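A short write-up of the structure that comes next.
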There are 2 protein chains.
Amino acid sequence: MSVVFPRGFVASGVASGIKSGGRLDLSFTGFGGSAVGSGAAVFTQSLSAAAPVSVSREHLAATGGRLRGVIASSGNANALNGGVGVEAARAMAAMAAREFGGVPEEYLVMATGLIGIPFPLDAALSGGAALRAAAASTEEAGLLAARAIMTTDTHPKLAVRERDGWRIGGMAKGAAMIAPNMATMLSLITTDVLLDPEQAASVLAAAVSTSFNRITIDGCTSTNDTVVLLASGIAGPPGVGFEEALGEVAGSLAYQIVADAEGGSKVGKIVVTGAPSDGEADAIARKVANSLLVKCSLLGADPYWGRVLGEVGLAGVAIDPAAVDISYQGVKVARGGLEARGELDSGTLELLAERMQEHDIEVLIEINQGEGTATMLTSDIGHGYLEENRGTS
Amino acid sequence: MSVVFPRGFVASGVASGIKSGGRLDLSFTGFGGSAVGSGAAVFTQSLSAAAPVSVSREHLAATGGRLRGVIASSGNANALNGGVGVEAARAMAAMAAREFGGVPEEYLVMATGLIGIPFPLDAALSGGAALRAAAASTEEAGLLAARAIMTTDTHPKLAVRERDGWRIGGMAKGAAMIAPNMATMLSLITTDVLLDPEQAASVLAAAVSTSFNRITIDGCTSTNDTVVLLASGIAGPPGVGFEEALGEVAGSLAYQIVADAEGGSKVGKIVVTGAPSDGEADAIARKVANSLLVKCSLLGADPYWGRVLGEVGLAGVAIDPAAVDISYQGVKVARGGLEARGELDSGTLELLAERMQEHDIEVLIEINQGEGTATMLTSDIGHGYLEENRGTS
């Protein structure tokens with residue numbers, strides 16, 4: 001059901017010709033009719049942010065977060081295209097306003113695909129009428145909207161939650177590792193609770209901080225990364241557990257992105273406890289999660305704690321490595337910074353070897369020097385990543 | 001000739017049994033006889049620094065840099081081995097003192113190999129007598145000393161310079177990408193000029209800052225990285241051009257390390273000009289050089305400036321990407337942050353395609369917003385890296 005699971009939304013996905021071969025490449029999600037709701041977004045931190053990001057920022061500022069919808073496209077990121085690219089992004093919002101009502105500033109724009117290539121605006125605009133005609137609140141419409149933002153994702157990423165009278169739905173496209181030249185992370189989450197734009201921005205920031213901001217695939221941030229929250233308000237004020245449920249939806253989508261990192265076969269959950277502070281735990285978790293050597297160990301299902309501790313020592317955090325314990329899949333393989341597998345009986349060692357073959361690998365790093373904690377999700381790195389990223393053609 | 005090219009040095013390399021199969025694994029370089037000279041070293045910044053690093057730091061402090069030599073071994077890094085590892089590193093220095101004279105504190109210790117595995121001290125010590133017996137000032141002895149510090153390097157890395165009456169020689173082992181679990185970067189540079197230990201530390205720091213500190217292979221810093229300078233003093237005070245020549249030797253060794261990154265096929269020279277400051281140029285150059293996507297582009301010989309500019313925008317430096325020009329191999333492919341290949345004639349485009357097939361690829365990033373400059377050397381990333389780093393066995 002994805003983005004149309006909450007009440008008050010329509011969605012659609014069509015093939016406009018941005019991509020070749022009749023593949024889905026244009027996606028709309030909004031309130032439909034004459035409805036205006038609240039919206040908020042979190043964008044890439046890149047100074048080289050793409051035109052859709054800068055135009056969406058303008059539109060949020062102009063409307064104060066009172067929005068009608070989001071127009072998204074895939075196949076071309078419209079990034080690093082200068083003023084022409086900005087005009088193209090504005091034209092996409094104007095097309096959405098023509099088809100779905102209101103003014104261009106009431107629409108946000110998202111795009112994903114190759115960067116530095118002129119945006120095929122005519123093709124994209126030609127899909128507007130079909131996008132409007134297909135807009136609906138059906139499961140099929142929601143699925144097509146999610147498929148139309150995919151690039152090298154192998155499947156659409158969807159998540160929903162429902163509690164006492166209110167709903168949340170979300171879709172995402174990931175940084176599939178086989179082609180991070182088009183590796184933008186886009187997500188759109190909808191809800192029918194009533195939020196003013198400031199509330200929407202606040203709850204979205206909190207949800208992103210524990211989900212999309214806690215994953216890494218290749219350490220490369222896109223020019224286009226965008227996460228949007230739209231709230232229709234139909235279900236009234238958020239009840240107990242709304243923020244938790246929103247975090248669950250964002251967390252599920254973020255996990256799905258890492259799990260669909262093509263060329264990869266594992267999800268590594270890096271858990272740091274006992275750091276001097278949460279911020280220092282975060283620095284350690286990120287250093288380990290981004291390590292190419294740790295990713296290679298995941299590829300090989302090797303519980304090589306030495307690499308992990310090596311990275312811990314380089315995280316820029318003043319801790320004593322000689323106090324650190326490291327466990328893989330719940331089995332402690334290093335204690336006090338030293339090899340500890342000698343303490344284990346053969347049954348436990350066999351269990352560890354077996355559990356290293358699982359898809360999800362938990363690496364627990366107990367710093368034992370405070371109360372700070374952090375978690376990161378990472379993927380392994382595979383041969384497909386290298387092959388697909390050799391060139392742009 | 002390597003480390004015995006300057007006058008006043010002996011060297012040797014033997015197989016002690018740290019490695020299996022009779023491979024060279026124990027290396028000595030020193031002044032020989034009863035001579036004491038000056039020494040200085042630059043070590044890894046890792047908090048998880050290996051025992052040989054911590055013991056060498058102690059010995060430099062204890063002697064004020066008045067040294068007799070360096071004992072180095074390969075096959076086991078003696079890292080993350082706790083107090084037992086520190087005692088083993090001290091025992092290596094004591095063995096050097098027994099064989100070559102003086103006290104243990106007059107020797108530095110270097111090691112490279114797997115981390116977190118108990119150091120085979122008995123095997124290493126058993127090679128001491130042979131190491132002394134083989135010590136000589138011959139080309140053969142210098143070559144064996146360089147080969148005995150290799151792990152997965154495909155060839156020894158050597159460099160020499162000679163000017164008006166003085167000489168510099170150096171050897172290094174690299175972070176061969178196929179096995180960065182043993183990817184320590186070790187280098188030993190010798191000279192026959194007269195330097196006091198403070199001078200040695202000063203000129204070495206300057207040389208390292210423009211060479212070994214300007215290369216990256218996988219962004220992973222070793223627990224054991226060490227660069228040592230030994231000065232015999234026989235040729236008298238350093239003449240004009242000494243520091244320049246020392247920088248050239250260090251630069252040549254650093255280049256050889258990147259060029260021998262196995263699993264890789266290219267050396268990328270990332271040159272940043274026109275940044276607001278040298279420090280900001282450095283941050284940009286490092287961000288680009290460490291980018292997995294840029295490394296994949298090098299593997300594919302693809303002049304994909306979009307990836308480069310994407311990384312520039314993420315370097316944490318406040319610059320305007322819309323002012324940046326990017327050239328590959330001297331051909332400007334982006335101007336003012338936009339694709340510029342349309343300005344080129346077909347002959348120039350053909351030349352660019354041809355020159356992208358070369359081994360050394362220069363990526364020039366003109367920020368056009370100041371006078372700051374920086375250069376980094378990086379390798380591409382290949383399939384061998386993934387395969388060889390899957391596991392430790």
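Residue names in the structure tokens use chain letters A, B, ... in the order shown, residue numbers from 1 in each chain, and ligand numbers from 1 in the order shown.
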Can you list every residue of chain A that has an atom at most 7 Å from chain B, with its nearest atom pair and the distance in Å to one decimal, using only C-alpha atoms, ordered by chain then number, as CSV?
```
residue,atom,partner,partner_atom,distance
A:Ser46,CA,B:Leu314,CA,5.1
A:Leu47,CA,B:Gly313,CA,4.4
A:Ser48,CA,B:Gly313,CA,4.7
A:Leu80,CA,B:Leu338,CA,6.1
A:Asn81,CA,B:Leu338,CA,6.0
A:Gly82,CA,B:Leu338,CA,6.6
A:Ile115,CA,B:Gly306,CA,6.0
A:Gly116,CA,B:Gly306,CA,5.5
A:Asp218,CA,B:Leu292,CA,6.7
A:Cys220,CA,B:Ser291,CA,7.0
A:Thr223,CA,B:Gly310,CA,6.4
A:Ser291,CA,B:Cys220,CA,7.0
A:Leu292,CA,B:Asp218,CA,6.7
A:Leu293,CA,B:Asn389,CA,6.9
A:Cys296,CA,B:Arg390,CA,4.9
A:Ser297,CA,B:Arg390,CA,5.0
A:Leu299,CA,B:Arg390,CA,5.7
A:Gly300,CA,B:Arg390,CA,4.0
A:Asp302,CA,B:Gly391,CA,5.5
A:Gly306,CA,B:Gly116,CA,5.5
A:Gly310,CA,B:Ser48,CA,5.9
A:Gly313,CA,B:Leu47,CA,4.5
A:Leu314,CA,B:Ser46,CA,5.1
A:Pro321,CA,B:Ser48,CA,6.0
A:Gly337,CA,B:Leu80,CA,6.4
A:Leu338,CA,B:Asn81,CA,6.0
A:Glu339,CA,B:Gly116,CA,6.5
A:His383,CA,B:His383,CA,6.2
A:Leu386,CA,B:Cys296,CA,6.0
A:Asn389,CA,B:Cys296,CA,5.5
A:Arg390,CA,B:Gly300,CA,4.0
A:Gly391,CA,B:Gly300,CA,5.4
```
For N, CA and C atoms, I'd like the residues from the last selection saved as a compact mmCIF listing (two decimals), in the first residue's frame.
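In the end it all went to again.txt:
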```
# COMPACT_ATOMS: atom_id res chain seq x y z
N SER A 46 25.14 17.91 0.89
CA SER A 46 26.14 18.24 -0.12
C SER A 46 26.02 19.68 -0.60
N LEU A 47 27.17 20.35 -0.74
CA LEU A 47 27.19 21.68 -1.35
C LEU A 47 26.89 21.59 -2.83
N SER A 48 27.08 20.41 -3.40
CA SER A 48 26.78 20.18 -4.81
C SER A 48 25.35 19.65 -4.96
N LEU A 80 24.14 18.98 -11.08
CA LEU A 80 25.30 19.59 -11.73
C LEU A 80 24.96 20.04 -13.15
N ASN A 81 23.74 20.53 -13.33
CA ASN A 81 23.31 21.02 -14.63
C ASN A 81 23.12 22.53 -14.66
N GLY A 82 23.56 23.23 -13.61
CA GLY A 82 23.54 24.69 -13.62
C GLY A 82 22.13 25.27 -13.66
N ILE A 115 24.27 11.89 -12.83
CA ILE A 115 24.49 13.31 -12.55
C ILE A 115 25.34 13.93 -13.64
N GLY A 116 25.16 15.21 -13.86
CA GLY A 116 25.96 15.93 -14.84
C GLY A 116 25.48 15.74 -16.27
N ASP A 218 28.51 2.89 0.68
CA ASP A 218 29.88 3.10 0.21
C ASP A 218 30.47 4.40 0.71
N CYS A 220 29.58 7.26 0.22
CA CYS A 220 29.40 8.36 -0.73
C CYS A 220 28.00 8.94 -0.58
N THR A 223 24.12 13.78 -4.36
CA THR A 223 23.71 15.16 -4.61
C THR A 223 22.21 15.35 -4.44
N SER A 291 34.37 1.11 6.97
CA SER A 291 35.67 0.50 6.67
C SER A 291 35.56 -0.53 5.55
N LEU A 292 36.35 -0.30 4.52
CA LEU A 292 36.37 -1.24 3.40
C LEU A 292 36.83 -2.63 3.87
N LEU A 293 37.74 -2.66 4.83
CA LEU A 293 38.22 -3.95 5.34
C LEU A 293 37.14 -4.68 6.12
N CYS A 296 34.82 -6.12 3.65
CA CYS A 296 35.37 -7.34 3.06
C CYS A 296 35.22 -8.53 4.01
N SER A 297 35.42 -8.30 5.30
CA SER A 297 35.22 -9.38 6.28
C SER A 297 33.78 -9.87 6.27
N LEU A 299 31.78 -9.78 3.67
CA LEU A 299 31.68 -10.57 2.43
C LEU A 299 32.17 -11.99 2.67
N GLY A 300 33.25 -12.13 3.43
CA GLY A 300 33.84 -13.44 3.67
C GLY A 300 33.30 -14.14 4.90
N ASP A 302 33.78 -13.58 7.96
CA ASP A 302 34.94 -13.80 8.83
C ASP A 302 34.82 -12.92 10.08
N GLY A 306 40.13 -8.12 14.80
CA GLY A 306 41.32 -7.27 14.74
C GLY A 306 41.09 -6.06 13.84
N GLY A 310 41.08 -2.24 15.04
CA GLY A 310 41.96 -1.31 14.33
C GLY A 310 41.22 -0.03 13.97
N GLY A 313 40.38 2.28 16.93
CA GLY A 313 41.52 3.09 17.34
C GLY A 313 41.77 4.29 16.45
N LEU A 314 41.07 4.37 15.35
CA LEU A 314 41.28 5.45 14.39
C LEU A 314 40.08 6.37 14.29
N PRO A 321 41.89 1.08 23.72
CA PRO A 321 41.50 -0.15 23.02
C PRO A 321 41.67 -1.41 23.88
N GLY A 337 40.54 -6.23 24.45
CA GLY A 337 41.43 -5.92 23.32
C GLY A 337 42.26 -7.10 22.85
N LEU A 338 41.97 -8.29 23.33
CA LEU A 338 42.77 -9.47 22.97
C LEU A 338 41.88 -10.61 22.49
N GLU A 339 42.43 -11.43 21.64
CA GLU A 339 41.78 -12.64 21.14
C GLU A 339 41.18 -13.43 22.30
N HIS A 383 31.69 -7.95 -5.87
CA HIS A 383 32.29 -7.71 -7.19
C HIS A 383 31.39 -6.91 -8.11
N LEU A 386 32.07 -3.15 -8.19
CA LEU A 386 33.20 -2.68 -9.00
C LEU A 386 32.84 -2.67 -10.47
N ASN A 389 30.40 0.05 -11.54
CA ASN A 389 30.83 1.42 -11.32
C ASN A 389 32.08 1.78 -12.09
N ARG A 390 32.53 0.90 -12.96
CA ARG A 390 33.71 1.21 -13.76
C ARG A 390 33.46 2.41 -14.65
N GLY A 391 32.27 2.43 -15.25
CA GLY A 391 31.99 3.50 -16.21
C GLY A 391 30.56 3.93 -16.13
```
Inset, instruction - Find the spatial neighbours of B:Glu162, counting only C-alpha atoms, within a cut-off of 10 Å - ignore same-chain residues fewer than 6 positions away - and output them as a list of chain:residue names. - result: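 Listing them by chain and then by number gives B:Phe5, B:Pro6, B:Ile168, B:Gly169, B:Thr191, B:Phe242, B:Ala245.
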File dump, residues just selected, C-alpha atoms, as a short mmCIF file (atom, residue, chain, number, x, y, z; two decimals), in the first residue's frame:
```
data_model
loop_
_atom_site.label_atom_id
_atom_site.label_comp_id
_atom_site.auth_asym_id
_atom_site.auth_seq_id
_atom_site.Cartn_x
_atom_site.Cartn_y
_atom_site.Cartn_z
CA PHE B 5 73.79 3.22 -0.49
CA PRO B 6 74.84 5.94 2.00
CA ILE B 168 70.24 9.07 0.71
CA GLY B 169 68.80 5.57 0.36
CA THR B 191 71.60 9.03 4.89
CA PHE B 242 69.34 17.79 1.08
CA ALA B 245 66.39 15.10 -2.10
#
```
Inset, instruction - Determine, counting only C-alpha atoms, which protein, DNA and RNA residues have an atom within 10 Å of an atom of stretch 8-13 of chain A; residues of the same chain fewer than 6 positions away are not included. Present the result as a PyMOL selection string. - result: chain A and resi 2+24-33+35+37+68-73+127+130-149+190-192+230-235
Name the residues in contact with A:Ala41 at a cut-off of 8 Å, using only C-alpha atoms, excluding same-chain residues fewer than 3 positions from it; report them as a PDB file with N, CA and C atoms, in the first residue's frame.
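File produced: around.pdb:
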```
ATOM      1  N   ALA A 201       8.317  18.797  10.604  1.00  0.00           N
ATOM      2  CA  ALA A 201       9.770  18.900  10.476  1.00  0.00           C
ATOM      3  C   ALA A 201      10.460  18.270  11.682  1.00  0.00           C
ATOM      4  N   LEU A 204      10.013  14.375  11.663  1.00  0.00           N
ATOM      5  CA  LEU A 204      10.781  13.782  10.569  1.00  0.00           C
ATOM      6  C   LEU A 204      12.280  13.787  10.897  1.00  0.00           C
ATOM      7  N   THR A 226      16.974  12.837  -0.447  1.00  0.00           N
ATOM      8  CA  THR A 226      15.822  13.582   0.068  1.00  0.00           C
ATOM      9  C   THR A 226      14.881  12.621   0.783  1.00  0.00           C
ATOM     10  N   VAL A 227      14.415  13.017   1.951  1.00  0.00           N
ATOM     11  CA  VAL A 227      13.355  12.298   2.653  1.00  0.00           C
ATOM     12  C   VAL A 227      12.246  13.298   2.951  1.00  0.00           C
ATOM     13  N   VAL A 228      11.012  12.981   2.518  1.00  0.00           N
ATOM     14  CA  VAL A 228       9.876  13.893   2.678  1.00  0.00           C
ATOM     15  C   VAL A 228       8.823  13.248   3.563  1.00  0.00           C
ATOM     16  N   LEU A 229       8.178  14.048   4.397  1.00  0.00           N
ATOM     17  CA  LEU A 229       7.000  13.609   5.154  1.00  0.00           C
ATOM     18  C   LEU A 229       5.819  14.496   4.765  1.00  0.00           C
TER      19      LEU A 229
END
```
